[in-house]
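Read through the structure below, which is laid out as structure tokens, and then see the notes.
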Amino acid sequence: MTEPTLRSSHLFTMTLDVDPEITDLGETPYGRRRIAAVKGGTFEGEEIKGTVLPTPGGDWMLLRRDGILMLNVRLTLKTHDGHLIYMRYEGMRHGPAWVIEALNKGEKVEPSQYYFPTTPWFETSSEKYRFLNRIVCVATGRREPTGPIYEVFHIL
């Protein structure tokens with residue numbers, strides 16, 4: 001019997017512009033809750049490309065007591081040909097304390113030094129892009145000094 005394999009295809013690369021003014025709700029029963037507004041961005045792949053619309057869109061982050069940053073992001077994408085797509089994803093980021101400290105200061109850190117996967121989901125009324133309603137995706141993130149960048153993969 002052959003071992004199952006996970007096959008994927010690159011869907012797009014997305015770069016986000018996040019407002020540095022983050023709303024800090026403080027310590028909640030679940031950890032430290034912060035909310036960051038997404039001011040825009042871009043995404044580009046072989047079959048789809050466009051811009052990330054500015055607010056409403058953001059990341060409802062939770063810094064857990066064990067040091068793991070949980071992400072809960074909601075965005076609206078606008079394709080180059082005018083179609084709207086709702087995108088949401090959850091994920092987590094963690095790594096050694098010195099790596100997280102450098103990331104929080106806005107320093108460049110090699111992505112292999114930390115863990116940063118997400119699970120994107122899409123919703124659209126567009127006939128052209130309706131395939132997005134029927135796929136499962138995973139993404140790998142990296143935090144650059146200019147903001148987060150994600151490589152989104154469609155699971156085949």
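Chain identifiers are assigned as A, B, and so on, following the order in which chains appear in the structure tokens; residues are numbered from 1 within each chain, and ligands are numbered from 1 in order of appearance.
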
>> Using DSSP assignments from the backbone, pull out every residue in chain A that falls under strand (DSSP E or B) and give it to me as a PyMOL selection string.
In response: chain A and resi 8-18+23-28+31-44+49-52+58-63+69-79+84-94+115+117-123+137-144+147-155

>> Using only C-alpha atoms, which protein or nucleic acid residues come within 10 Å of Val99 (chain A)? Drop anything in the same chain fewer than 6 positions from it, and give the result as a PyMOL selection string.
In response: chain A and resi 105+107-111+113-114

Restrict the selected residues to N, CA, C and O atoms and save them as an mmCIF file, in the first residue's frame.
data_model
loop_
_atom_site.group_PDB
_atom_site.id
_atom_site.type_symbol
_atom_site.label_atom_id
_atom_site.label_comp_id
_atom_site.auth_asym_id
_atom_site.auth_seq_id
_atom_site.Cartn_x
_atom_site.Cartn_y
_atom_site.Cartn_z
ATOM 1 N N LYS A 105 9.940 43.780 16.838
ATOM 2 C CA LYS A 105 10.668 45.036 16.623
ATOM 3 C C LYS A 105 10.667 45.440 15.152
ATOM 4 O O LYS A 105 11.199 46.488 14.796
ATOM 5 N N GLU A 107 12.171 43.643 12.758
ATOM 6 C CA GLU A 107 13.416 43.204 12.129
ATOM 7 C C GLU A 107 13.155 42.037 11.182
ATOM 8 O O GLU A 107 12.198 41.281 11.350
ATOM 9 N N LYS A 108 14.024 41.884 10.201
ATOM 10 C CA LYS A 108 13.915 40.776 9.255
ATOM 11 C C LYS A 108 14.477 39.515 9.905
ATOM 12 O O LYS A 108 15.569 39.519 10.452
ATOM 13 N N VAL A 109 13.697 38.435 9.847
ATOM 14 C CA VAL A 109 14.088 37.157 10.421
ATOM 15 C C VAL A 109 13.846 36.082 9.371
ATOM 16 O O VAL A 109 12.821 36.089 8.687
ATOM 17 N N GLU A 110 14.771 35.165 9.244
ATOM 18 C CA GLU A 110 14.624 34.052 8.306
ATOM 19 C C GLU A 110 13.357 33.263 8.662
ATOM 20 O O GLU A 110 13.202 32.816 9.805
ATOM 21 N N PRO A 111 12.419 33.095 7.694
ATOM 22 C CA PRO A 111 11.151 32.407 7.993
ATOM 23 C C PRO A 111 11.303 30.993 8.539
ATOM 24 O O PRO A 111 10.427 30.521 9.264
ATOM 25 N N GLN A 113 12.999 30.156 10.903
ATOM 26 C CA GLN A 113 13.244 30.264 12.337
ATOM 27 C C GLN A 113 11.957 30.247 13.172
ATOM 28 O O GLN A 113 12.018 30.193 14.394
ATOM 29 N N TYR A 114 10.780 30.335 12.494
ATOM 30 C CA TYR A 114 9.524 30.346 13.236
ATOM 31 C C TYR A 114 8.441 29.612 12.455
ATOM 32 O O TYR A 114 8.565 29.366 11.265
#

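Nearest residue to Ile135 (chain A) among A:Tyr150, A:Gly40, A:Leu156, A:Gly58 is A:Leu156, counting only C-alpha atoms.
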
> Which is closer to Thr51 (chain A) than all the others in A:Gly82, A:Pro4, A:Pro29, A:Gly67, using only C-alpha atoms?
Replying inline: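 Residue with the minimum atom-to-atom distance to Thr51 (chain A): A:Gly82.
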
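CA of Asp19 (chain A) sits 13.7 Å away from CA of Val73 (chain A).
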
> So which residues touch Ser9 (chain A) within 12 Å, counting only C-alpha atoms, skipping near sequence neighbours fewer than 3 positions away, as a list in words?
Replying inline: Leu6, Phe12, Thr13, Gly45, Glu46, Glu47, Ile135, Val136, Cys137, Val138, Ala139, Glu151, Val152, Phe153, His154, Ile155 and Leu156 of chain A
